[in-house]
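The file coords-v3.csv comes next; it holds CSV, C-alpha atoms.
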chain,number,residue,atom,x,y,z
A,1,MET,CA,71.3,-2.9,-15.1
A,2,THR,CA,71.8,-4.9,-18.3
A,3,PRO,CA,71.0,-8.6,-18.0
A,4,SER,CA,73.7,-11.1,-18.7
A,5,SER,CA,73.6,-13.3,-21.8
A,6,SER,CA,73.0,-16.3,-19.5
A,7,ASP,CA,69.7,-14.9,-18.2
A,8,SER,CA,67.0,-16.7,-20.3
A,9,ARG,CA,64.0,-14.9,-18.6
A,10,PRO,CA,61.7,-13.0,-20.9
A,11,ALA,CA,62.0,-9.2,-20.9
A,12,GLY,CA,58.2,-8.7,-20.3
A,13,ALA,CA,55.4,-10.5,-18.6
A,14,HIS,CA,53.1,-12.7,-20.6
A,15,TRP,CA,49.6,-11.3,-21.1
A,16,LEU,CA,48.2,-14.3,-19.1
A,17,VAL,CA,50.5,-13.6,-16.2
A,18,ARG,CA,49.6,-9.9,-16.2
A,19,MET,CA,45.8,-10.6,-16.4
A,20,ASN,CA,45.8,-13.2,-13.6
A,21,ARG,CA,47.9,-11.0,-11.4
A,22,ARG,CA,45.3,-8.3,-11.7
A,23,ASN,CA,42.4,-10.7,-11.3
A,24,ARG,CA,44.0,-12.5,-8.3
A,25,THR,CA,44.8,-9.2,-6.6
A,26,PHE,CA,41.3,-7.9,-6.9
A,27,PHE,CA,39.4,-11.2,-6.5
A,28,TYR,CA,41.5,-12.4,-3.5
A,29,GLY,CA,41.1,-9.0,-1.9
A,30,LEU,CA,37.3,-9.4,-2.0
A,31,LEU,CA,37.6,-13.0,-0.9
A,32,PHE,CA,39.7,-11.8,2.1
A,33,LEU,CA,36.6,-9.8,3.2
A,34,ALA,CA,34.3,-12.8,2.8
A,35,PHE,CA,36.6,-15.1,4.6
A,36,ALA,CA,37.3,-12.5,7.3
A,37,ALA,CA,33.5,-12.3,8.0
A,38,HIS,CA,33.3,-16.0,8.3
A,39,LEU,CA,36.4,-16.3,10.6
A,40,ARG,CA,34.9,-13.6,12.8
A,41,ALA,CA,31.6,-15.5,12.9
A,42,ILE,CA,33.2,-18.7,13.9
A,43,GLU,CA,35.6,-16.9,16.3
A,44,ALA,CA,38.8,-18.4,14.6
A,45,GLY,CA,42.2,-18.0,16.3
A,46,MET,CA,45.1,-15.9,15.3
A,47,GLY,CA,46.7,-18.7,13.2
A,48,ALA,CA,43.7,-18.8,10.9
A,49,TRP,CA,43.9,-15.0,10.5
A,50,ALA,CA,47.6,-15.2,9.7
A,51,LEU,CA,47.0,-17.9,7.0
A,52,LEU,CA,44.2,-15.7,5.6
A,53,ALA,CA,46.5,-12.8,5.2
A,54,LEU,CA,49.2,-14.9,3.6
A,55,GLN,CA,46.8,-16.6,1.2
A,56,PHE,CA,44.7,-13.7,-0.1
A,57,LEU,CA,47.1,-10.8,0.3
A,58,VAL,CA,50.7,-12.1,-0.1
A,59,TYR,CA,50.1,-15.2,-2.3
A,60,PRO,CA,48.9,-13.4,-5.4
A,61,GLN,CA,52.1,-11.4,-5.6
A,62,CYS,CA,54.3,-14.5,-4.9
A,63,VAL,CA,52.8,-16.5,-7.8
A,64,TYR,CA,53.1,-13.5,-10.1
A,65,TRP,CA,56.8,-13.2,-9.2
A,66,ARG,CA,57.3,-16.9,-9.8
A,67,ALA,CA,55.6,-16.9,-13.2
A,68,ARG,CA,57.2,-13.6,-14.2
A,69,ARG,CA,60.7,-15.0,-13.7
A,70,ALA,CA,60.0,-18.4,-15.3
A,71,PRO,CA,61.6,-19.3,-18.7
A,72,ASN,CA,58.1,-20.4,-19.8
A,73,GLN,CA,55.7,-17.9,-18.3
A,74,ARG,CA,52.5,-19.3,-19.7
A,75,GLN,CA,53.3,-22.8,-18.5
A,76,ALA,CA,54.2,-21.5,-15.0
A,77,GLU,CA,50.9,-19.6,-14.9
A,78,MET,CA,49.0,-22.6,-15.8
A,79,GLN,CA,50.6,-24.4,-12.9
A,80,ASN,CA,49.7,-21.5,-10.7
A,81,LEU,CA,46.0,-22.1,-11.6
A,82,LEU,CA,46.3,-25.7,-10.4
A,83,VAL,CA,47.9,-24.5,-7.1
A,84,ASP,CA,45.0,-22.1,-6.7
A,85,ALA,CA,42.5,-25.0,-6.9
A,86,ILE,CA,44.5,-27.1,-4.5
A,87,LEU,CA,44.7,-24.3,-1.9
A,88,GLY,CA,41.0,-23.6,-2.5
A,89,GLY,CA,40.2,-27.2,-1.6
A,90,LEU,CA,42.3,-26.9,1.6
A,91,TRP,CA,40.5,-23.8,2.6
A,92,ALA,CA,37.1,-25.3,1.9
A,93,ALA,CA,37.9,-28.4,4.0
A,94,GLY,CA,39.7,-26.5,6.7
A,95,LEU,CA,36.7,-24.3,7.3
A,96,GLY,CA,34.4,-27.3,7.3
A,97,LEU,CA,33.1,-27.0,3.7
A,98,PRO,CA,30.8,-24.0,4.2
A,99,ILE,CA,28.5,-24.1,1.3
A,100,TRP,CA,28.8,-20.5,0.0
A,101,ILE,CA,32.6,-20.3,0.5
A,102,THR,CA,33.1,-23.7,-1.1
A,103,PHE,CA,30.8,-22.8,-4.0
A,104,THR,CA,32.7,-19.5,-4.5
A,105,LEU,CA,36.0,-21.2,-4.6
A,106,PHE,CA,34.8,-24.0,-6.9
A,107,SER,CA,33.1,-21.6,-9.3
A,108,SER,CA,36.1,-19.3,-9.7
A,109,ASN,CA,38.6,-22.1,-10.1
A,110,CYS,CA,36.3,-23.9,-12.5
A,111,ILE,CA,36.1,-20.9,-14.8
A,112,ASN,CA,39.9,-20.4,-14.8
A,113,LEU,CA,40.7,-24.0,-15.6
A,114,VAL,CA,37.9,-24.6,-18.1
A,115,VAL,CA,38.8,-21.4,-20.0
A,116,PHE,CA,42.4,-22.4,-20.5
A,117,TYR,CA,42.1,-26.2,-20.6
A,118,GLY,CA,38.7,-26.7,-22.1
A,119,TYR,CA,36.6,-29.5,-20.7
A,120,GLY,CA,39.8,-31.1,-19.6
A,121,GLY,CA,40.1,-28.3,-17.1
A,122,LEU,CA,37.0,-29.6,-15.2
A,123,LEU,CA,38.9,-32.9,-14.6
A,124,ARG,CA,42.0,-31.0,-13.5
A,125,LEU,CA,39.8,-29.0,-11.1
A,126,LEU,CA,38.2,-32.0,-9.6
A,127,CYS,CA,41.6,-33.6,-9.1
A,128,ALA,CA,43.3,-30.5,-7.7
A,129,MET,CA,40.6,-29.1,-5.5
A,130,GLY,CA,39.6,-32.7,-4.5
A,131,SER,CA,43.1,-33.4,-3.4
A,132,GLY,CA,43.0,-30.2,-1.3
A,133,VAL,CA,39.7,-31.2,0.2
A,134,ALA,CA,40.9,-34.7,1.0
A,135,ALA,CA,44.0,-33.3,2.7
A,136,GLY,CA,41.9,-31.0,4.8
A,137,LEU,CA,39.5,-33.7,5.8
A,138,ALA,CA,42.3,-36.0,6.6
A,139,LEU,CA,43.3,-33.6,9.3
A,140,GLY,CA,39.9,-34.3,11.0
A,141,MET,CA,38.4,-30.9,10.4
A,142,PRO,CA,34.7,-30.9,11.5
A,143,LEU,CA,32.0,-30.0,9.0
A,144,HIS,CA,30.4,-26.5,9.3
A,145,PRO,CA,28.3,-26.1,6.0
A,146,GLU,CA,26.4,-23.1,7.2
A,147,THR,CA,27.5,-19.4,6.8
A,148,ASP,CA,26.1,-16.3,8.3
A,149,LEU,CA,24.2,-13.7,6.3
A,150,LEU,CA,27.1,-11.3,6.0
A,151,THR,CA,29.5,-14.0,4.7
A,152,THR,CA,26.8,-15.3,2.2
A,153,TRP,CA,26.2,-11.8,0.8
A,154,LEU,CA,29.9,-11.1,0.5
A,155,CYS,CA,30.4,-14.4,-1.4
A,156,ILE,CA,27.6,-13.4,-3.8
A,157,VAL,CA,29.3,-10.0,-4.3
A,158,VAL,CA,32.7,-11.7,-4.8
A,159,LEU,CA,31.3,-14.0,-7.5
A,160,THR,CA,29.4,-11.2,-9.2
A,161,PHE,CA,32.5,-9.0,-9.4
A,162,TYR,CA,34.5,-12.0,-10.6
A,163,PHE,CA,32.1,-13.0,-13.3
A,164,VAL,CA,31.8,-9.4,-14.5
A,165,ALA,CA,35.6,-8.9,-14.6
A,166,PHE,CA,36.1,-12.2,-16.4
A,167,ALA,CA,33.4,-11.4,-18.9
A,168,HIS,CA,35.0,-8.0,-19.5
A,169,ASP,CA,38.4,-9.6,-20.1
A,170,GLY,CA,36.8,-11.9,-22.7
A,171,TYR,CA,35.1,-9.0,-24.3
A,172,ALA,CA,38.3,-7.0,-24.4
A,173,ARG,CA,40.3,-9.9,-26.0
A,174,ALA,CA,37.5,-10.6,-28.5
A,175,MET,CA,37.4,-6.9,-29.5
A,176,GLU,CA,41.2,-6.9,-29.8
A,177,GLN,CA,41.0,-10.1,-32.0
A,178,HIS,CA,38.3,-8.4,-34.1
A,179,ARG,CA,40.6,-5.4,-34.6
A,180,ASN,CA,43.5,-7.6,-35.4
A,181,HIS,CA,41.4,-9.5,-37.9
A,182,GLY,CA,40.3,-6.3,-39.5
A,183,ARG,CA,43.9,-5.1,-39.8
A,184,LEU,CA,44.9,-8.5,-41.2
A,185,ARG,CA,42.1,-8.3,-43.8
A,186,GLU,CA,43.2,-4.8,-44.7
A,187,GLN,CA,46.8,-6.0,-45.1
A,188,PHE,CA,45.7,-9.0,-47.1
A,189,ASP,CA,43.6,-6.8,-49.4
A,190,GLU,CA,46.5,-4.5,-49.8
A,191,ILE,CA,48.8,-7.4,-50.6
A,192,ARG,CA,46.3,-8.9,-53.0
A,193,THR,CA,46.0,-5.5,-54.7
A,194,LEU,CA,49.8,-5.2,-54.9
A,195,GLN,CA,50.0,-8.7,-56.3
A,196,GLY,CA,47.4,-7.8,-59.0
A,197,GLN,CA,49.4,-4.6,-59.8
A,198,LEU,CA,52.6,-6.6,-60.0
A,199,LYS,CA,51.0,-9.2,-62.2
A,200,GLU,CA,49.6,-6.5,-64.4
A,201,GLN,CA,52.9,-4.7,-64.6
A,202,ALA,CA,54.6,-8.0,-65.6
A,203,VAL,CA,52.4,-8.3,-68.7
A,204,ARG,CA,52.2,-4.6,-69.7
A,205,ASP,CA,54.6,-2.4,-71.6
A,206,PRO,CA,55.3,0.5,-69.3
A,207,LEU,CA,55.5,3.1,-72.0
A,208,THR,CA,52.3,2.4,-74.0
A,209,GLY,CA,50.2,0.4,-71.5
A,210,LEU,CA,49.7,-2.3,-74.0
A,211,PHE,CA,50.3,-6.0,-73.3
A,212,ASN,CA,53.9,-7.1,-73.9
A,213,HIS,CA,55.4,-10.0,-75.7
A,214,ARG,CA,55.2,-12.2,-72.6
A,215,HIS,CA,51.4,-11.8,-72.5
A,216,LEU,CA,51.2,-12.5,-76.2
A,217,ASP,CA,53.0,-15.8,-75.8
A,218,ALA,CA,50.6,-16.7,-73.0
A,219,VAL,CA,47.3,-15.9,-74.8
A,220,LEU,CA,48.0,-16.7,-78.5
A,221,GLY,CA,48.0,-20.5,-78.0
A,222,PRO,CA,44.7,-20.6,-76.1
A,223,CYS,CA,43.1,-18.2,-78.6
A,224,LEU,CA,44.1,-20.4,-81.5
A,225,GLN,CA,42.8,-23.5,-79.6
A,226,ARG,CA,39.4,-21.9,-79.0
A,227,CYS,CA,39.2,-20.9,-82.7
A,228,ARG,CA,40.2,-24.4,-83.7
A,229,GLU,CA,37.5,-25.9,-81.5
A,230,THR,CA,34.8,-23.6,-82.8
A,231,GLY,CA,35.9,-23.5,-86.4
A,232,GLN,CA,36.4,-19.8,-86.4
A,233,PRO,CA,39.3,-17.9,-88.0
A,234,LEU,CA,41.9,-15.8,-86.2
A,235,SER,CA,43.8,-12.9,-87.7
A,236,LEU,CA,47.1,-11.3,-86.7
A,237,LEU,CA,48.0,-7.8,-87.7
A,238,MET,CA,51.6,-6.9,-87.3
A,239,ILE,CA,52.1,-3.1,-87.4
A,240,ASP,CA,55.3,-1.1,-87.8
A,241,ILE,CA,55.8,2.7,-87.8
A,242,ASP,CA,57.4,3.8,-91.0
A,243,HIS,CA,60.8,5.5,-90.7
A,244,PHE,CA,60.6,5.5,-86.9
A,245,LYS,CA,64.4,5.9,-86.6
A,246,HIS,CA,64.1,9.1,-88.5
A,247,VAL,CA,61.5,10.4,-86.0
A,248,ASN,CA,63.9,9.7,-83.1
A,249,ASP,CA,66.9,11.2,-84.9
A,250,ALA,CA,65.1,14.3,-86.1
A,251,HIS,CA,63.0,15.1,-83.0
A,252,GLY,CA,64.5,13.1,-80.1
A,253,HIS,CA,63.5,10.1,-78.2
A,254,ALA,CA,60.8,11.9,-76.2
A,255,ALA,CA,59.1,12.7,-79.5
A,256,GLY,CA,59.5,9.0,-80.6
A,257,ASP,CA,57.9,7.9,-77.3
A,258,ALA,CA,55.0,10.3,-77.9
A,259,VAL,CA,54.4,8.8,-81.3
A,260,LEU,CA,54.4,5.3,-79.9
A,261,GLN,CA,51.9,6.3,-77.2
A,262,THR,CA,49.7,7.9,-79.7
A,263,LEU,CA,49.6,4.7,-81.8
A,264,ALA,CA,48.9,2.6,-78.7
A,265,GLN,CA,45.9,4.8,-77.8
A,266,LEU,CA,44.7,4.5,-81.4
A,267,LEU,CA,44.9,0.7,-81.2
A,268,LEU,CA,43.0,0.6,-77.9
A,269,ARG,CA,40.2,2.7,-79.4
A,270,HIS,CA,39.9,0.2,-82.3
A,271,VAL,CA,40.0,-3.1,-80.5
A,272,ARG,CA,37.1,-5.2,-79.4
A,273,ALA,CA,36.7,-6.8,-76.0
A,274,GLN,CA,38.0,-10.1,-77.3
A,275,ASP,CA,41.0,-8.6,-79.2
A,276,VAL,CA,44.5,-8.4,-77.8
A,277,ALA,CA,46.7,-5.4,-78.5
A,278,CYS,CA,50.5,-5.9,-77.8
A,279,ARG,CA,53.7,-4.0,-78.2
A,280,HIS,CA,55.7,-6.6,-80.0
A,281,GLY,CA,59.0,-4.7,-79.6
A,282,GLY,CA,60.5,-1.3,-80.6
A,283,GLU,CA,58.1,0.3,-83.0
A,284,GLU,CA,56.3,-3.0,-83.8
A,285,PHE,CA,52.8,-3.7,-82.5
A,286,LEU,CA,50.5,-6.7,-82.9
A,287,LEU,CA,46.8,-7.2,-82.8
A,288,VAL,CA,45.3,-10.6,-82.2
A,289,LEU,CA,41.8,-10.7,-83.7
A,290,PRO,CA,39.8,-13.8,-82.8
A,291,GLU,CA,36.9,-14.7,-85.1
A,292,ALA,CA,38.1,-12.2,-87.7
A,293,PRO,CA,38.6,-13.5,-91.3
A,294,ALA,CA,41.1,-12.0,-93.8
A,295,THR,CA,38.6,-9.4,-95.2
A,296,VAL,CA,37.8,-8.1,-91.7
A,297,ALA,CA,41.4,-8.0,-90.7
A,298,LEU,CA,42.4,-6.0,-93.8
A,299,GLU,CA,39.5,-3.6,-93.2
A,300,ARG,CA,40.7,-3.0,-89.6
A,301,ALA,CA,44.3,-2.6,-90.8
A,302,GLU,CA,43.3,-0.1,-93.4
A,303,ALA,CA,41.2,1.9,-90.9
A,304,LEU,CA,44.1,2.0,-88.5
A,305,ARG,CA,46.5,3.1,-91.3
A,306,ALA,CA,44.2,5.9,-92.5
A,307,ALA,CA,43.5,7.1,-88.9
A,308,PHE,CA,47.2,7.2,-88.0
A,309,GLU,CA,48.2,8.9,-91.1
A,310,VAL,CA,46.2,12.1,-90.3
A,311,LEU,CA,47.2,12.2,-86.7
A,312,GLN,CA,49.6,14.9,-85.6
A,313,VAL,CA,51.6,14.4,-82.4
A,314,ARG,CA,52.7,17.5,-80.5
A,315,SER,CA,56.1,17.2,-78.8
A,316,GLY,CA,58.5,20.0,-77.8
A,317,GLY,CA,56.3,22.6,-79.6
A,318,ARG,CA,56.4,20.7,-82.9
A,319,LEU,CA,53.7,18.7,-84.7
A,320,ILE,CA,55.0,15.3,-85.9
A,321,SER,CA,53.3,13.0,-88.4
A,322,ALA,CA,54.1,9.4,-89.3
A,323,THR,CA,52.6,6.5,-91.2
A,324,LEU,CA,52.5,2.8,-90.5
A,325,SER,CA,52.7,-0.4,-92.5
A,326,CYS,CA,50.8,-3.5,-91.6
A,327,GLY,CA,51.0,-7.2,-92.4
A,328,ALA,CA,48.1,-9.6,-91.9
A,329,ALA,CA,48.0,-13.4,-91.5
A,330,VAL,CA,45.0,-15.6,-90.9
A,331,PHE,CA,44.5,-18.9,-89.1
A,332,PRO,CA,44.0,-21.5,-90.4
A,333,GLU,CA,44.5,-20.5,-94.0
A,334,ASP,CA,48.0,-19.2,-93.7
A,335,ALA,CA,49.3,-21.2,-90.7
A,336,GLY,CA,48.0,-23.6,-88.0
A,337,ALA,CA,50.4,-22.7,-85.1
A,338,GLY,CA,51.2,-19.5,-83.2
A,339,MET,CA,54.9,-19.1,-84.3
A,340,SER,CA,54.1,-20.0,-87.9
A,341,LEU,CA,51.3,-17.4,-87.9
A,342,LEU,CA,53.6,-14.8,-86.5
A,343,GLU,CA,56.2,-15.5,-89.2
A,344,CYS,CA,53.5,-15.1,-91.9
A,345,ALA,CA,52.4,-11.8,-90.5
A,346,ASP,CA,56.0,-10.7,-90.3
A,347,GLN,CA,56.6,-11.6,-93.9
A,348,ALA,CA,53.4,-9.7,-94.9
A,349,LEU,CA,54.7,-6.7,-93.0
A,350,TYR,CA,58.1,-6.9,-94.8
A,351,ALA,CA,56.2,-7.0,-98.1
A,352,ALA,CA,54.3,-3.9,-97.2
A,353,LYS,CA,57.6,-2.1,-96.5
A,354,MET,CA,59.1,-3.3,-99.8
A,355,GLN,CA,56.0,-2.1,-101.7
A,356,GLY,CA,56.5,1.5,-100.5
A,357,ARG,CA,55.2,1.5,-96.8
A,358,ASN,CA,52.0,3.2,-95.5
A,359,ARG,CA,49.9,0.2,-96.6
A,360,ALA,CA,48.4,-3.1,-95.4
A,361,VAL,CA,49.3,-6.4,-97.1
A,362,ALA,CA,47.9,-9.9,-96.5
A,363,PHE,CA,50.1,-12.9,-96.4
A,364,SER,CA,47.8,-14.7,-98.8
A,365,CYS,CA,48.6,-12.0,-101.5
A,366,ILE,CA,52.4,-12.5,-101.4
A,367,ARG,CA,52.4,-16.3,-101.6
A,368,ARG,CA,50.5,-16.4,-104.9
Before we go any further, please render this structure as structure tokens.
Amino acid sequence: MTPSSSDSRPAGAHWLVRMNRRNRTFFYGLLFLAFAAHLRAIEAGMGAWALLALQFLVYPQCVYWRARRAPNQRQAEMQNLLVDAILGGLWAAGLGLPIWITFTLFSSNCINLVVFYGYGGLLRLLCAMGSGVAAGLALGMPLHPETDLLTTWLCIVVLTFYFVAFAHDGYARAMEQHRNHGRLREQFDEIRTLQGQLKEQAVRDPLTGLFNHRHLDAVLGPCLQRCRETGQPLSLLMIDIDHFKHVNDAHGHAAGDAVLQTLAQLLLRHVRAQDVACRHGGEEFLLVLPEAPATVALERAEALRAAFEVLQVRSGGRLISATLSCGAAVFPEDAGAGMSLLECADQALYAAKMQGRNRAVAFSCIRR
């Protein structure tokens, strides 16, 4: 039957409700045997036996049903624990405070309330069980602190089973939390790895694997600042593949992509750990060379030019060759800021193109 929309009860039982139902059913069943032995020893009447059956056989199912149907199952179960303590006090006083039975009731209720309330649970226990004891004593019940040997041993067995069951529950929940923690750590590591991959993808050109213009904007300023503070130069090499449009038109864009990738791999083989290789856009590439003066920058540019000139790229069964032009600009001689330095390198590259391509030109040479 489908519940109506006005039914606010949860669809399933809270783990605390399920656990306490199991514990009450098992623990109260054992207590029934211990109490039955004591009632037999003191030759109790039928009324006491009827109350015993209601308390330890029927009561656990009734409080489970109450908590199971409550809008707030956990709160209802916490109230049930207090009722357990009150009834325990009534039974202890009603039987004349027999030592082993009273101790068994006090110990089990103490564990329940302290586990779920902390040290505040001890105060709740004293109030709840104390009120039950006071109510029982108010009825004028005589004291009978002694218990026979069978009842004593049964109380010891009840407490032993209860402690073991409670410890096992704690162990099971701790292991479950450990597994959950492990799964959360795995998920966190996976998320962190994915974040790293996304961050890397955000600053990498997908075709060549080189850094993109966004990364260049982020690192050029700090690189210049470090060189400014240490008094070291910084060179920019702006590189462009000659007649790249002709490569695309004659051989197709797949061949053009292969040429771009080949140049990117060449750049990566020629960079130092502190250098930054970027795809500046289209067929333009950029090398940031910290602590490299103009002479070193031009030597690097010439080495790249010569190496690329002899490379042959295979695409679609054809061998494709291309050349590159390079413009170099140096901080602080040519410019003192990032954008100005880029403009100088671009002007030097334009000069290399105008002078016939397949060459490297320094900005300092064209401003004379």
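The shortest atom-to-atom distance to A:Arg279, with all atoms listed in the file taken into account, belongs to A:Pro206 out of A:Gly221, A:Gly252, A:Pro206, A:Gly316.
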(request) Kindly give the distance, in Å, that separates atom CA of A:Glu291 and atom CA of A:Glu309, rounded to a single decimal. (result) 26.8 Å
(request) Determine the nearest neighbour of A:Val114 from the options A:Leu150, A:Met78, A:Leu207, A:Met141, counting only C-alpha atoms. (result) A:Met78
(message) With only C-alpha atoms as the counted atoms, please give the residues lying no more than 7 Å from A:Ala92, apart from itself and same-chain residues fewer than 3 positions off, as a PyMOL selection string.
(response) chain A and resi 88-89+95-98+101-102+133
(message) So, with all atoms listed in the file as the atoms that count, which of A:Gly170, A:Gly281, A:Gly182, A:Gly317 lies closest to A:Leu210?
(response) A:Gly281
(request) Find the distance between atom CA of A:Glu77 and atom CA of A:Tyr28 and write it in Å to one decimal. (result) 16.4 Å
(request) Enter the distance from atom CA of A:Ala34 to atom CA of A:Ala172, in Å, rounded to one decimal. (result) 28.1 Å
(request) Choose the residue, out of A:Glu186, A:Glu343, A:Glu284, A:Glu176, that has the smallest atom-to-atom separation from A:Val330; count only C-alpha atoms. (result)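 The answer is A:Glu343, which sits nearest to A:Val330.
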(request) Using all atoms listed in the file, give me every residue within 12 Å of (24.1, -11.1, 4.7) in file coordinates, as a list of chain:residue names. (result)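 Every residue inside that radius is included here: A:Ala34, A:Ala37, A:His38, A:Ala41, A:Trp100, A:Thr147, A:Asp148, A:Leu149, A:Leu150, A:Thr151, A:Thr152, A:Trp153, A:Leu154, A:Cys155, A:Ile156, A:Val157.
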(message) Given all atoms listed in the file as the basis, pick out the residue of A:Val247, A:Cys278, A:Ala264, A:Ile241 nearest to A:Ala352.
(response) A:Ile241
(message) Using only C-alpha atoms for the distances, tell me which of A:His213, A:Arg173, A:Arg318, A:Arg305 is nearest to A:Ala360.
(response) A:Arg305
